[in-house]
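Reading through the structure tokens given below for one structure.
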Amino acid sequence: MAPGKANLDDMTHTSVALPVVSTEPPLSRAAQLVVATCLASGALLIAVPQYAEHVVAGDLERQDRIIWGLAHQGFYRVEWLAAMVGGFALLIGLLGLWQVTRWSTPRLTAVGAVVLTWGMSGQIFSDTATYVAQVVAADVFGAADAERLIVDGYLRDPGMIAGVLVPVVVGMFVGVLLLVVALWRSGFPRVPVVLLALWPLWDFFGPAQLGPLTGEVFLLAAGAWLGLVVARLPRSTWLGRDA
């Protein structure tokens, strides 16, 4: 065989190794676990300290609660600091749920994610303001002046009303219920979805406490359960390939 012919055959039969291109977004599994962790930890940080206060202090009026907080300053500081940190974690977790629902309910997700983010932002601002009024101001000026700061300041100031109260009352309530509808349509387990719906409904319309039940109980149960569901979601579902 001529040398030229052999070289041509070698070139013809030589295989070229092509680079393997990943079809999965970078850190996708890590993001899924972060969302699951934030759902569970955010609900825990918000719900457990506030439920503990209900159990220990009972159903108090605001000024009495501030007085109780002054007598238990260490716990009260931890409670509201945990609420602030938990609010950020829960917001990340809820946004992660929208990442799943967007494949099956894109229009509802587009609206609901904005509404709920607006509401959760107001809730985080509210927890911060509560810490300032009921912990810092109460510690410096006393319970009566802290109560006056809330009633004559927070509840009458236009900025507080627009930036905190309206987002919490409208955004949180409507946003969570929109998320519940999106999760239901996306095939999430029914029980944690119903528990999530009961959280704002109980807070707005239910009693502060009925036996062992409070709004915080529903939040804790829903957050922990949904966190477990997200952690165990198949990769195809998380990436929207089953939609």
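Each chain in the structure tokens gets a letter, A, B and so on, in the order shown; residues start at 1 in every chain, and ligands are counted from 1 in the order they appear.
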Please tabulate, as a tab-separated table, the residues of region 109-195 of chain A that come within 12 Å of region 42-59 of chain A, each with its closest pair of atoms and the distance in Å to one decimal, counting only C-alpha atoms and ordering rows by chain, then residue number upward.
residue	atom	partner	partner_atom	distance
A:Met120	CA	A:Gly42	CA	12.0
A:Gln123	CA	A:Ile46	CA	11.2
A:Ile124	CA	A:Ile46	CA	10.8
A:Asp127	CA	A:Ile46	CA	10.0
Writer output for current selection, N, CA and C atoms, as a compact mmCIF listing (two decimals), in the first residue's frame:
# COMPACT_ATOMS: atom_id res chain seq x y z
N MET A 120 -43.23 39.90 51.64
CA MET A 120 -42.19 39.41 52.54
C MET A 120 -41.20 40.53 52.90
N GLN A 123 -42.75 42.35 55.60
CA GLN A 123 -42.68 41.58 56.83
C GLN A 123 -41.31 41.70 57.49
N ILE A 124 -40.26 41.67 56.70
CA ILE A 124 -38.91 41.83 57.24
C ILE A 124 -38.74 43.23 57.82
N ASP A 127 -40.57 43.26 61.15
CA ASP A 127 -39.82 42.61 62.23
C ASP A 127 -38.68 43.51 62.72
**Request:** Please provide as a PyMOL selection string all residues within 7 Å of Leu39 (chain A), with the sequence filter that same-chain residues fewer than 3 positions apart are discarded (counting only C-alpha atoms).
**Result:** chain A and resi 35-36+42-43+89-90+93-94+223-224+227
**Message:** Applying 10 Å and only C-alpha atoms, which residues near Ser126 (chain A) remain after dropping the ones on its own chain fewer than 4 positions away? List them as a ChimeraX atom specification.
**Reply:** /A:83-84,120-122,130-132,154,160,163-165,167-168
**Request:** Find the residues near Pro25 (chain A): any atom within 12 Å, counting only C-alpha atoms, skip ones fewer than 3 places away on the same chain, and give them as an MDAnalysis selection string.
**Result:** chainID A and resid 21:22 28:32 235 238:240
**Asked** Can you list, as a ChimeraX atom specification, every protein, DNA or RNA residue that comes within 9 Å of region 192-209 of chain A when you count only C-alpha atoms, leaving out same-chain residues fewer than 4 positions away?
**Response** /A:54,58-59,169,172-174,176-177,179-181,183-184,188,213-219,221-226
**Message:** For the structure I just gave you, how does DSSP split region 148-184 of chain A - specifically, which residues are alpha helix (DSSP H)? Reply as a list in words.
**Reply:**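 For region 148-184 of chain A, the alpha helix (DSSP H) set is Arg148, Pro158, Gly159, Met160, Val166, Phe173, Val174, Gly175, Val176, Leu177, Leu178, Leu179, Val180, Val181, Ala182, Leu183 and Trp184 of chain A.
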**Item:** Which of A:Gly86, A:Phe141, A:Thr101, A:Trp68 sits closest to Leu220 (chain A) [using only C-alpha atoms]
**Value:**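 Looking at the shortest contact to Leu220 (chain A), the residue is A:Gly86.
Considering only C-alpha atoms, the residue among A:Ile67, A:Ala138, A:Ala110, A:Val100 positioned nearest to Leu178 (chain A) is A:Ala110.
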**Request:** Excluding Gly171 (chain A) and any residue of its chain fewer than 6 positions from it, enumerate the residues within 7 Å of it, using only C-alpha atoms, and give them as a list in words.
**Result:**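 My reading of the contact set: Val115, Leu116, Trp118 and Gly119 of chain A.
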**Asked** Using only C-alpha atoms, which of the listed residues (A:Ile150, A:Val229, A:Thr237, A:Leu155) sits closest to Arg190 (chain A)?
**Response**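 Among the listed residues, the smallest separation from Arg190 (chain A) belongs to A:Val229.
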Report as JSON lines: every residue of region 99-206 of chain A with an atom at most 9 Å from region 73-78 of chain A, its closest pair of atoms, and their distance in Å to one decimal, counting only C-alpha atoms, with rows sorted by chain and ascending residue number.
{"residue": "A:Tyr131", "atom": "CA", "partner": "A:Arg77", "partner_atom": "CA", "distance": 7.4}
{"residue": "A:Gln134", "atom": "CA", "partner": "A:Tyr76", "partner_atom": "CA", "distance": 8.8}
{"residue": "A:Val135", "atom": "CA", "partner": "A:Arg77", "partner_atom": "CA", "distance": 6.6}
{"residue": "A:Val136", "atom": "CA", "partner": "A:Arg77", "partner_atom": "CA", "distance": 8.9}
{"residue": "A:Asp139", "atom": "CA", "partner": "A:Gln73", "partner_atom": "CA", "distance": 8.4}
Generate a file of the selected residues that holds C-alpha atoms, formatted as an mmCIF file, in the first residue's frame.
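Below is the file that was written, result-v1.cif:
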data_model
loop_
_atom_site.group_PDB
_atom_site.id
_atom_site.type_symbol
_atom_site.label_atom_id
_atom_site.label_comp_id
_atom_site.auth_asym_id
_atom_site.auth_seq_id
_atom_site.Cartn_x
_atom_site.Cartn_y
_atom_site.Cartn_z
ATOM 1 C CA TYR A 131 -37.138 45.018 67.287
ATOM 2 C CA GLN A 134 -40.263 46.726 71.497
ATOM 3 C CA VAL A 135 -36.647 45.888 72.326
ATOM 4 C CA VAL A 136 -34.353 48.883 71.786
ATOM 5 C CA ASP A 139 -34.951 49.209 76.910
#
**Item:** Among listed residues A:Gly142, A:Leu233, A:Gly175, A:Leu210, nearest Ala71 (chain A) (using only C-alpha atoms)
**Value:**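 Of all the options, A:Gly142 lies closest to Ala71 (chain A).
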**Message:** What does the structure give for the distance between CA of Ala162 (chain A) and CA of Cys38 (chain A), in Å to one decimal?
**Reply:**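 Separation between CA of Ala162 (chain A) and CA of Cys38 (chain A): 27.5 Å.
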